[in-house]
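Q: File work_11.pdb below, PDB, C-alpha atoms and all ligand atoms:
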```pdb
ATOM      1  CA  MET A  35      55.718  13.252  92.163
ATOM      2  CA  ALA A  36      57.625  12.419  95.367
ATOM      3  CA  SER A  37      61.334  13.120  95.048
ATOM      4  CA  LYS A  38      62.484  10.418  97.456
ATOM      5  CA  ILE A  39      61.456   6.936  98.440
ATOM      6  CA  GLY A  40      61.375   5.905 102.104
ATOM      7  CA  LEU A  41      63.696   3.215 103.402
ATOM      8  CA  ALA A  42      63.632   0.983 106.451
ATOM      9  CA  VAL A  43      66.992  -0.593 107.253
ATOM     10  CA  LEU A  44      67.214  -3.824 109.276
ATOM     11  CA  ILE A  45      70.457  -4.480 111.129
ATOM     12  CA  SER A  46      71.969  -6.768 113.757
ATOM     13  CA  GLY A  47      75.501  -5.455 114.160
ATOM     14  CA  GLY A  48      78.075  -2.809 113.403
ATOM     15  CA  GLY A  49      76.038  -1.225 110.665
ATOM     16  CA  SER A  50      78.804  -0.092 108.326
ATOM     17  CA  ASN A  51      76.467  -0.685 105.378
ATOM     18  CA  LEU A  52      73.795   1.326 107.187
ATOM     19  CA  GLN A  53      76.409   4.078 107.532
ATOM     20  CA  ALA A  54      77.084   3.971 103.786
ATOM     21  CA  LEU A  55      73.359   4.456 103.176
ATOM     22  CA  ILE A  56      73.157   7.258 105.769
ATOM     23  CA  ASP A  57      76.060   9.007 104.041
ATOM     24  CA  ALA A  58      74.524   8.593 100.581
ATOM     25  CA  CYS A  59      71.203   9.973 101.828
ATOM     26  CA  ARG A  60      72.913  13.183 102.958
ATOM     27  CA  ASP A  61      73.121  14.236  99.309
ATOM     28  CA  PRO A  62      69.942  16.252  98.643
ATOM     29  CA  ALA A  63      69.827  14.767  95.149
ATOM     30  CA  TYR A  64      69.884  11.158  96.395
ATOM     31  CA  PRO A  65      66.448   9.649  95.650
ATOM     32  CA  ALA A  66      65.913   7.905  99.007
ATOM     33  CA  GLU A  67      65.816   8.683 102.708
ATOM     34  CA  ILE A  68      66.019   6.371 105.707
ATOM     35  CA  ARG A  69      62.846   6.664 107.747
ATOM     36  CA  LEU A  70      63.407   3.856 110.262
ATOM     37  CA  VAL A  71      66.184   1.558 111.467
ATOM     38  CA  ILE A  72      65.320  -1.643 113.313
ATOM     39  CA  SER A  73      67.864  -3.804 115.106
ATOM     40  CA  ASN A  74      67.060  -7.174 116.628
ATOM     41  CA  ILE A  75      70.139  -6.817 118.859
ATOM     42  CA  ALA A  76      69.939  -4.260 121.658
ATOM     43  CA  ASP A  77      73.588  -3.155 121.727
ATOM     44  CA  ALA A  78      74.245  -3.209 117.984
ATOM     45  CA  TYR A  79      76.488  -0.251 117.130
ATOM     46  CA  GLY A  80      74.329   0.466 114.113
ATOM     47  CA  VAL A  81      71.626   1.741 116.479
ATOM     48  CA  GLU A  82      74.066   4.449 117.629
ATOM     49  CA  ARG A  83      74.871   5.315 114.031
ATOM     50  CA  ALA A  84      71.176   5.846 113.312
ATOM     51  CA  LYS A  85      70.637   7.938 116.421
ATOM     52  CA  LYS A  86      73.676  10.099 115.603
ATOM     53  CA  ALA A  87      72.145  10.749 112.201
ATOM     54  CA  GLY A  88      68.786  11.681 113.766
ATOM     55  CA  ILE A  89      67.007   8.649 112.294
ATOM     56  CA  PRO A  90      64.327   6.841 114.343
ATOM     57  CA  ALA A  91      65.919   3.613 115.577
ATOM     58  CA  LEU A  92      64.190   0.794 117.380
ATOM     59  CA  VAL A  93      65.273  -2.441 118.976
ATOM     60  CA  VAL A  94      62.832  -5.269 118.310
ATOM     61  CA  SER A  95      64.404  -8.317 119.931
ATOM     62  CA  HIS A  96      63.455 -11.704 118.509
ATOM     63  CA  LYS A  97      63.977 -13.046 122.026
ATOM     64  CA  ASP A  98      60.886 -11.195 123.257
ATOM     65  CA  PHE A  99      58.528 -13.211 121.045
ATOM     66  CA  ALA A 100      57.284 -16.770 121.223
ATOM     67  CA  SER A 101      57.569 -17.347 117.476
ATOM     68  CA  ARG A 102      59.440 -15.974 114.474
ATOM     69  CA  GLU A 103      56.135 -14.832 112.987
ATOM     70  CA  GLU A 104      55.227 -12.798 116.072
ATOM     71  CA  PHE A 105      58.657 -11.159 115.978
ATOM     72  CA  GLU A 106      58.218 -10.314 112.305
ATOM     73  CA  GLN A 107      54.687  -9.031 112.810
ATOM     74  CA  ALA A 108      56.005  -6.692 115.511
ATOM     75  CA  MET A 109      58.557  -5.316 113.029
ATOM     76  CA  ILE A 110      55.871  -4.913 110.349
ATOM     77  CA  THR A 111      53.647  -3.029 112.802
ATOM     78  CA  GLU A 112      56.470  -0.597 113.587
ATOM     79  CA  MET A 113      57.412  -0.184 109.928
ATOM     80  CA  GLU A 114      53.853   0.574 108.897
ATOM     81  CA  LYS A 115      53.895   3.680 111.058
ATOM     82  CA  TYR A 116      56.089   5.229 108.345
ATOM     83  CA  PRO A 117      55.798   5.525 104.612
ATOM     84  CA  ILE A 118      58.270   2.777 103.702
ATOM     85  CA  ASP A 119      58.799   1.907 100.046
ATOM     86  CA  LEU A 120      61.872  -0.320 100.324
ATOM     87  CA  VAL A 121      63.250  -2.487 103.129
ATOM     88  CA  CYS A 122      67.030  -2.993 103.189
ATOM     89  CA  GLN A 123      68.570  -5.822 105.178
ATOM     90  CA  ALA A 124      72.090  -4.722 106.068
ATOM     91  CA  GLY A 125      73.809  -7.336 108.187
ATOM     92  CA  PHE A 126      70.459  -8.482 109.581
ATOM     93  CA  MET A 127      71.166 -11.934 110.975
ATOM     94  CA  ARG A 128      67.695 -13.497 111.055
ATOM     95  CA  ILE A 129      66.237 -15.647 108.324
ATOM     96  CA  LEU A 130      62.786 -14.264 107.586
ATOM     97  CA  THR A 131      59.679 -16.422 107.280
ATOM     98  CA  PRO A 132      57.162 -16.250 104.405
ATOM     99  CA  LEU A 133      55.025 -13.940 106.582
ATOM    100  CA  PHE A 134      57.550 -11.106 106.352
ATOM    101  CA  VAL A 135      58.882 -11.943 102.899
ATOM    102  CA  LYS A 136      55.400 -12.015 101.329
ATOM    103  CA  HIS A 137      54.370  -8.807 103.077
ATOM    104  CA  TRP A 138      57.303  -6.914 101.517
ATOM    105  CA  GLU A 139      57.569  -8.930  98.298
ATOM    106  CA  GLY A 140      59.421  -6.985  95.620
ATOM    107  CA  ARG A 141      60.308  -4.320  98.180
ATOM    108  CA  LEU A 142      62.780  -6.276 100.331
ATOM    109  CA  ILE A 143      66.481  -6.454  99.495
ATOM    110  CA  ASN A 144      69.661  -7.807 101.103
ATOM    111  CA  ILE A 145      73.405  -7.499 100.730
ATOM    112  CA  HIS A 146      75.493 -10.662 100.649
ATOM    113  CA  PRO A 147      79.310 -10.653 100.769
ATOM    114  CA  SER A 148      79.969 -12.882  97.765
ATOM    115  CA  LEU A 149      79.140 -13.087  94.094
ATOM    116  CA  LEU A 150      75.971 -15.152  94.446
ATOM    117  CA  PRO A 151      75.247 -17.956  93.717
ATOM    118  CA  LYS A 152      78.805 -18.523  94.937
ATOM    119  CA  GLY A 153      78.851 -18.501  98.746
ATOM    120  CA  LYS A 154      75.103 -19.115  98.845
ATOM    121  CA  GLY A 155      73.753 -20.249 102.221
ATOM    122  CA  THR A 156      76.814 -19.184 104.216
ATOM    123  CA  HIS A 157      77.278 -16.034 106.233
ATOM    124  CA  GLY A 158      79.894 -14.053 108.134
ATOM    125  CA  LEU A 159      83.509 -15.128 107.732
ATOM    126  CA  LYS A 160      82.328 -18.564 106.570
ATOM    127  CA  VAL A 161      81.422 -17.027 103.209
ATOM    128  CA  HIS A 162      85.027 -15.981 102.647
ATOM    129  CA  THR A 163      86.429 -19.259 104.017
ATOM    130  CA  LYS A 164      84.295 -21.062 101.436
ATOM    131  CA  ILE A 165      85.386 -18.806  98.559
ATOM    132  CA  LEU A 166      89.060 -19.315  99.485
ATOM    133  CA  GLY A 167      88.533 -23.056  99.947
ATOM    134  CA  ASP A 168      86.948 -23.288  96.507
ATOM    135  CA  GLY A 169      90.024 -21.668  94.968
ATOM    136  CA  GLU A 170      88.082 -18.749  93.486
ATOM    137  CA  THR A 171      90.140 -15.966  91.927
ATOM    138  CA  GLU A 172      87.339 -13.427  92.227
ATOM    139  CA  SER A 173      84.765 -12.588  94.871
ATOM    140  CA  GLY A 174      82.615  -9.572  95.659
ATOM    141  CA  CYS A 175      79.194  -8.653  96.898
ATOM    142  CA  THR A 176      75.625  -8.999  95.711
ATOM    143  CA  ILE A 177      72.514  -6.927  96.324
ATOM    144  CA  HIS A 178      69.489  -9.121  95.710
ATOM    145  CA  TYR A 179      65.775  -9.303  96.310
ATOM    146  CA  VAL A 180      64.816 -11.408  99.303
ATOM    147  CA  THR A 181      62.575 -14.363  98.559
ATOM    148  CA  GLU A 182      61.587 -17.399 100.576
ATOM    149  CA  GLY A 183      64.655 -19.353  99.406
ATOM    150  CA  VAL A 184      67.738 -18.075 101.242
ATOM    151  CA  ASP A 185      70.105 -16.085  98.953
ATOM    152  CA  GLU A 186      67.999 -17.005  95.909
ATOM    153  CA  GLY A 187      66.195 -13.803  94.928
ATOM    154  CA  ASP A 188      66.899 -11.938  91.691
ATOM    155  CA  ILE A 189      70.205 -10.112  91.619
ATOM    156  CA  ILE A 190      70.027  -6.321  91.410
ATOM    157  CA  LEU A 191      73.719  -5.485  91.335
ATOM    158  CA  GLN A 192      77.144  -7.044  91.984
ATOM    159  CA  ARG A 193      80.627  -5.608  92.477
ATOM    160  CA  SER A 194      83.704  -7.794  92.304
ATOM    161  CA  VAL A 195      87.152  -7.846  93.886
ATOM    162  CA  PRO A 196      90.185 -10.028  93.183
ATOM    163  CA  VAL A 197      91.029 -12.874  95.540
ATOM    164  CA  LEU A 198      94.748 -12.667  96.340
ATOM    165  CA  SER A 199      97.007 -15.676  96.890
ATOM    166  CA  ASP A 200      97.817 -14.657 100.480
ATOM    167  CA  ASP A 201      94.228 -13.779 101.452
ATOM    168  CA  THR A 202      92.757 -14.907 104.751
ATOM    169  CA  PRO A 203      88.987 -14.830 105.317
ATOM    170  CA  GLU A 204      89.556 -11.568 107.201
ATOM    171  CA  THR A 205      91.532  -9.782 104.464
ATOM    172  CA  LEU A 206      89.055 -10.903 101.806
ATOM    173  CA  ALA A 207      86.114  -9.801 103.977
ATOM    174  CA  ALA A 208      87.646  -6.342 104.359
ATOM    175  CA  ARG A 209      88.200  -5.955 100.591
ATOM    176  CA  VAL A 210      84.627  -7.065  99.875
ATOM    177  CA  LEU A 211      83.192  -4.778 102.571
ATOM    178  CA  GLU A 212      84.723  -1.716 100.866
ATOM    179  CA  GLN A 213      82.775  -2.634  97.742
ATOM    180  CA  GLU A 214      79.600  -3.294  99.746
ATOM    181  CA  HIS A 215      79.686   0.322 100.873
ATOM    182  CA  ILE A 216      79.636   1.443  97.236
ATOM    183  CA  ALA A 217      77.222  -1.209  96.003
ATOM    184  CA  TYR A 218      74.403  -0.754  98.504
ATOM    185  CA  PRO A 219      73.854   2.972  97.891
ATOM    186  CA  GLU A 220      74.160   2.304  94.128
ATOM    187  CA  ALA A 221      71.520  -0.417  94.219
ATOM    188  CA  VAL A 222      69.122   1.664  96.302
ATOM    189  CA  LYS A 223      69.596   4.591  93.917
ATOM    190  CA  LEU A 224      68.835   2.347  90.967
ATOM    191  CA  LEU A 225      65.621   0.981  92.497
ATOM    192  CA  ALA A 226      64.521   4.372  93.830
ATOM    193  CA  THR A 227      64.982   5.967  90.425
ATOM    194  CA  GLN A 228      62.974   3.189  88.766
ATOM    195  CA  TYR A 229      60.251   3.594  91.379
ATOM    196  CA  LEU A 230      60.080   7.375  91.134
ATOM    197  CA  THR A 231      60.056   7.451  87.339
ATOM    198  CA  GLY A 232      57.729   4.479  87.032
ATOM    199  CA  LYS A 233      60.208   2.568  84.796
TER     200      LYS A 233
HETATM  201  C1  LIG B   1      78.241  -7.455 105.606
HETATM  202  O1  LIG B   1      79.374  -8.139 105.173
HETATM  203  C2  LIG B   1      77.024  -7.941 104.863
HETATM  204  O2  LIG B   1      77.290  -8.324 103.564
HETATM  205  C3  LIG B   1      76.619  -9.138 105.672
HETATM  206  O3  LIG B   1      76.870  -8.776 107.000
HETATM  207  C4  LIG B   1      77.889  -7.772 107.054
HETATM  208  C5  LIG B   1      77.314  -6.618 107.785
HETATM  209  O4  LIG B   1      78.244  -5.628 108.080
HETATM  210  N1  LIG B   1      75.279  -9.535 105.363
HETATM  211  P1  LIG B   1      77.758  -4.218 108.663
HETATM  212  O5  LIG B   1      76.924  -4.505 109.923
HETATM  213  O6  LIG B   1      76.971  -3.518 107.613
HETATM  214  O7  LIG B   1      79.049  -3.512 109.019
END
```
Can the structure from this file be put into C-alpha cells for me?

A:
Amino acid sequence: MASKIGLAVLISGGGSNLQALIDACRDPAYPAEIRLVISNIADAYGVERAKKAGIPALVVSHKDFASREEFEQAMITEMEKYPIDLVCQAGFMRILTPLFVKHWEGRLINIHPSLLPKGKGTHGLKVHTKILGDGETESGCTIHYVTEGVDEGDIILQRSVPVLSDDTPETLAARVLEQEHIAYPEAVKLLATQYLTGK
C-alpha cells in the first residue's frame, strides 16, 4: 500500500496556505506529498515558496488561452504528468468550469475564509466585510469539496474564531487565516488517511 497520496496545489497569490501544506508534508509521517503547484499568476509569491521547497511549480496563465475550458485543459494535461490523487485550491482565484470540476470530481477541494454557507459567493476581504455587516459573532474557515455550484460542495472540516466588536475586515481576515493554516493540513490528512486505508 502507498504510504502517501499525491497532491496538486492551485494558487494565485501569496500562498500562505500552500506554505502550511508544505510544512505539514515535511513530517515523514504525514500521509500526503505535494507533487505539483500551478499558479495562474506569473509573479505569485506562492511559486517562490514551491521552488524553495523543491516542488515542481508551473505558471499556467488563463490569459494565454481563448477560453476557460482550454485553460483548464492545459492545467489537466500538466497535472496528469504526475500521480495526483487530490487537488487543493489554495487561494486560486478562478471559478472552474464543469470540464475541470467533473474531471476531478470527489478529488478537488478548496479553502474558504468563512463558515460556509455564511459568506458564500464572496471572496477576499469582501467575505469578512459581509460577516461583520451581518453582525455575526463567530466566523472561521471551511474546507469543502468543489462542485459546479460555487462554495456549495460538501464540507470536510471547519474551524471557527470569535468576531470581536472592534474587528475590521483586515483583523478578522488575519484571525481566520491563522486557523486556515491549521485546517488545511488537517483536512488533507483526514482525506489522505481515508484514501490510504480505504475507509
Ligand atoms: C485565503 O484566505 C483563502 O481562504 C482564500 O484566499 C486566501 C489565500 O491566501 N481562498 P494564501 O494565498 O493562501 O495566503

Q: Using all atoms listed in the file, find each residue with an atom at most 9 Å away from ligand LIG 1 (chain B) and format the answer as a PyMOL selection string.

A: chain A and resi 45-54+78-80+123-127+144-148+157-159+175-177+207-208+210-211+214-215

Q: Could you list as a VMD selection string every residue that has an atom within 6 Å of (88.6, -9.6, 91.7), using the file's coordinates and counting all atoms listed in the file?

A: chain A and resid 172 to 173 194 to 197

Q: Give me, please, the distance in Å between CA of Val94 (chain A) and CA of Asn74 (chain A), quoted to one decimal.

A: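 Straight-line distance from CA of Val94 (chain A) to CA of Asn74 (chain A) works out to 4.9 Å.
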
Q: Just give me the residues with any atom within 12 Å of (62.1, 6.7, 88.2), file coordinates, counting only C-alpha atoms, written as a list in words.

A: Met35, Ala36, Ser37, Lys38, Ile39, Pro65, Ala66, Val222, Lys223, Leu224, Leu225, Ala226, Thr227, Gln228, Tyr229, Leu230, Thr231, Gly232 and Lys233 of chain A

Q: In terms of the shortest atom-to-atom distance over only C-alpha atoms, which of A:Arg209, A:His137, A:Lys86, A:Arg69 is closest to Lys115 (chain A)?

A: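 For Lys115 (chain A), the nearest of the given residues is A:Arg69.
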
Q: Go ahead and compute the interatomic distance for CA of Tyr179 (chain A) and CA of Asp61 (chain A), in Å to one decimal.

A: 24.8 Å

Q: Return as a list of chain:residue names the set of residues that the PyMOL selection byres (((chain A and resi 182) around 7) and not hetatm) yields on the displayed structure.

A: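 Checking the PyMOL selection byres (((chain A and resi 182) around 7) and not hetatm) against this file, the residues are A:Pro132, A:Val135, A:Val180, A:Thr181, A:Gly183, A:Val184.
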
Q: Work out where the centre of an axis-aligned box around every listed atom of region 125-143 of chain A lies and how long its edges are once 8 Å is added on each side; give both in Å to one decimal as JSON.

A:
```
{"center_x": 64.1, "center_y": -10.4, "center_z": 103.3, "size_x": 35.4, "size_y": 28.1, "size_z": 31.4}
```

Q: Report as a ChimeraX atom specification all protein, DNA and RNA residues lying within 8 Å of Gly153 (chain A), evaluated on only C-alpha atoms, omitting residues in the same chain fewer than 5 positions from it.

A: /A:148,161-162,164-165

Q: Write a file of the just-selected residues containing C-alpha atoms, as a short mmCIF file (atom, residue, chain, number, x, y, z; two decimals), keeping the file's coordinate frame.

A:
```cif
data_model
loop_
_atom_site.label_atom_id
_atom_site.label_comp_id
_atom_site.auth_asym_id
_atom_site.auth_seq_id
_atom_site.Cartn_x
_atom_site.Cartn_y
_atom_site.Cartn_z
CA SER A 148 79.97 -12.88 97.76
CA VAL A 161 81.42 -17.03 103.21
CA HIS A 162 85.03 -15.98 102.65
CA LYS A 164 84.30 -21.06 101.44
CA ILE A 165 85.39 -18.81 98.56
#
```

Q: Which of these, A:Ser95, A:Asp168, A:Thr205, A:Pro117, has the shortest distance to Leu70 (chain A) once you count only C-alpha atoms?

A: A:Pro117

Q: Could you tell me how far CA of Arg193 (chain A) sits from CA of Pro151 (chain A), in Å to one decimal place?

A: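 These atoms are spaced 13.5 Å apart.
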
Q: Would you please work out which residue, of A:Pro203, A:Gly40, A:Gly155, A:Pro219, is nearest to Ile118 (chain A) when using all atoms listed in the file?

A: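 The shortest atom-to-atom distance to Ile118 (chain A) comes from A:Gly40.
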
Q: Specify as a PDB file with C-alpha atoms, keeping the file's coordinate frame each residue included when the PyMOL selection byres (((chain A and resi 91) around 8) and not hetatm) is applied to this file.

A:
```
ATOM      1  CA  LEU A  70      63.407   3.856 110.262  1.00  0.00           C
ATOM      2  CA  VAL A  71      66.184   1.558 111.467  1.00  0.00           C
ATOM      3  CA  ILE A  72      65.320  -1.643 113.313  1.00  0.00           C
ATOM      4  CA  SER A  73      67.864  -3.804 115.106  1.00  0.00           C
ATOM      5  CA  VAL A  81      71.626   1.741 116.479  1.00  0.00           C
ATOM      6  CA  ALA A  84      71.176   5.846 113.312  1.00  0.00           C
ATOM      7  CA  LYS A  85      70.637   7.938 116.421  1.00  0.00           C
ATOM      8  CA  ILE A  89      67.007   8.649 112.294  1.00  0.00           C
ATOM      9  CA  PRO A  90      64.327   6.841 114.343  1.00  0.00           C
ATOM     10  CA  LEU A  92      64.190   0.794 117.380  1.00  0.00           C
ATOM     11  CA  VAL A  93      65.273  -2.441 118.976  1.00  0.00           C
TER      12      VAL A  93
END
```

Q: From the options A:Ile189, A:Met113, A:Cys122, A:Asp77, which residue's atoms come nearest to Leu55 (chain A), counting all atoms listed in the file?

A: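 For Leu55 (chain A), the nearest of the candidates is A:Cys122.
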
Q: Leaving out Glu106 (chain A) and any residue of its chain fewer than 2 positions from it, which residues lie within 12 Å of it when counting all atoms listed in the file, given as a PyMOL selection string?

A: chain A and resi 44+72-74+94-104+108-113+128-138

Q: Find, counting all atoms listed in the file, the residue in A:Asp185, A:Lys152, A:Ala58, A:Leu198 that gets nearest to Thr171 (chain A).

A: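 Among the listed residues, A:Leu198 lies closest to Thr171 (chain A).
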
Q: Using the atoms already present, construct N, CA, C and O atoms for region 144-163 of chain A and hand them back as an mmCIF file, keeping the file's coordinate frame.

A:
```
data_model
loop_
_atom_site.group_PDB
_atom_site.id
_atom_site.type_symbol
_atom_site.label_atom_id
_atom_site.label_comp_id
_atom_site.auth_asym_id
_atom_site.auth_seq_id
_atom_site.Cartn_x
_atom_site.Cartn_y
_atom_site.Cartn_z
ATOM 1 N N ASN A 144 68.607 -7.403 100.163
ATOM 2 C CA ASN A 144 69.661 -7.807 101.103
ATOM 3 C C ASN A 144 71.008 -7.641 100.430
ATOM 4 O O ASN A 144 71.105 -7.674 99.208
ATOM 5 N N ILE A 145 72.034 -7.481 101.263
ATOM 6 C CA ILE A 145 73.405 -7.499 100.730
ATOM 7 C C ILE A 145 74.103 -8.751 101.230
ATOM 8 O O ILE A 145 73.991 -9.106 102.406
ATOM 9 N N HIS A 146 74.783 -9.425 100.314
ATOM 10 C CA HIS A 146 75.493 -10.662 100.649
ATOM 11 C C HIS A 146 76.956 -10.501 100.214
ATOM 12 O O HIS A 146 77.212 -10.035 99.103
ATOM 13 N N PRO A 147 77.906 -10.926 101.082
ATOM 14 C CA PRO A 147 79.310 -10.653 100.769
ATOM 15 C C PRO A 147 79.985 -11.690 99.876
ATOM 16 O O PRO A 147 81.090 -12.150 100.167
ATOM 17 N N SER A 148 79.321 -12.053 98.791
ATOM 18 C CA SER A 148 79.969 -12.882 97.765
ATOM 19 C C SER A 148 79.217 -12.658 96.461
ATOM 20 O O SER A 148 78.160 -12.025 96.446
ATOM 21 N N LEU A 149 79.797 -13.201 95.403
ATOM 22 C CA LEU A 149 79.140 -13.087 94.094
ATOM 23 C C LEU A 149 78.170 -14.264 93.987
ATOM 24 O O LEU A 149 78.522 -15.320 93.477
ATOM 25 N N LEU A 150 76.961 -14.067 94.502
ATOM 26 C CA LEU A 150 75.971 -15.152 94.446
ATOM 27 C C LEU A 150 75.794 -15.625 93.007
ATOM 28 O O LEU A 150 75.904 -14.812 92.089
ATOM 29 N N PRO A 151 75.562 -16.918 92.738
ATOM 30 C CA PRO A 151 75.247 -17.956 93.717
ATOM 31 C C PRO A 151 76.463 -18.525 94.457
ATOM 32 O O PRO A 151 76.279 -19.403 95.304
ATOM 33 N N LYS A 152 77.666 -18.044 94.139
ATOM 34 C CA LYS A 152 78.805 -18.523 94.937
ATOM 35 C C LYS A 152 78.632 -18.046 96.374
ATOM 36 O O LYS A 152 78.196 -16.915 96.596
ATOM 37 N N GLY A 153 78.964 -18.874 97.337
ATOM 38 C CA GLY A 153 78.851 -18.501 98.746
ATOM 39 C C GLY A 153 77.423 -18.507 99.259
ATOM 40 O O GLY A 153 77.152 -18.043 100.359
ATOM 41 N N LYS A 154 76.520 -19.048 98.455
ATOM 42 C CA LYS A 154 75.103 -19.115 98.845
ATOM 43 C C LYS A 154 74.930 -19.953 100.116
ATOM 44 O O LYS A 154 75.548 -21.009 100.258
ATOM 45 N N GLY A 155 74.086 -19.467 101.033
ATOM 46 C CA GLY A 155 73.753 -20.249 102.221
ATOM 47 C C GLY A 155 74.786 -20.168 103.335
ATOM 48 O O GLY A 155 74.626 -20.814 104.364
ATOM 49 N N THR A 156 75.843 -19.385 103.129
ATOM 50 C CA THR A 156 76.814 -19.184 104.216
ATOM 51 C C THR A 156 76.752 -17.721 104.638
ATOM 52 O O THR A 156 76.235 -16.878 103.901
ATOM 53 N N HIS A 157 77.266 -17.433 105.817
ATOM 54 C CA HIS A 157 77.278 -16.034 106.233
ATOM 55 C C HIS A 157 78.506 -15.749 107.091
ATOM 56 O O HIS A 157 79.221 -16.669 107.493
ATOM 57 N N GLY A 158 78.739 -14.469 107.336
ATOM 58 C CA GLY A 158 79.894 -14.053 108.134
ATOM 59 C C GLY A 158 81.196 -14.478 107.467
ATOM 60 O O GLY A 158 81.290 -14.567 106.240
ATOM 61 N N LEU A 159 82.197 -14.762 108.283
ATOM 62 C CA LEU A 159 83.509 -15.128 107.732
ATOM 63 C C LEU A 159 83.458 -16.441 106.970
ATOM 64 O O LEU A 159 84.299 -16.707 106.110
ATOM 65 N N LYS A 160 82.440 -17.270 107.259
ATOM 66 C CA LYS A 160 82.328 -18.564 106.570
ATOM 67 C C LYS A 160 82.174 -18.393 105.058
ATOM 68 O O LYS A 160 82.587 -19.255 104.282
ATOM 69 N N VAL A 161 81.558 -17.287 104.651
ATOM 70 C CA VAL A 161 81.422 -17.027 103.209
ATOM 71 C C VAL A 161 82.814 -16.977 102.586
ATOM 72 O O VAL A 161 83.099 -17.627 101.575
ATOM 73 N N HIS A 162 83.692 -16.213 103.214
ATOM 74 C CA HIS A 162 85.027 -15.981 102.647
ATOM 75 C C HIS A 162 85.904 -17.228 102.773
ATOM 76 O O HIS A 162 86.700 -17.521 101.886
ATOM 77 N N THR A 163 85.716 -17.985 103.864
ATOM 78 C CA THR A 163 86.429 -19.259 104.017
ATOM 79 C C THR A 163 86.052 -20.191 102.868
ATOM 80 O O THR A 163 86.898 -20.869 102.276
#
```
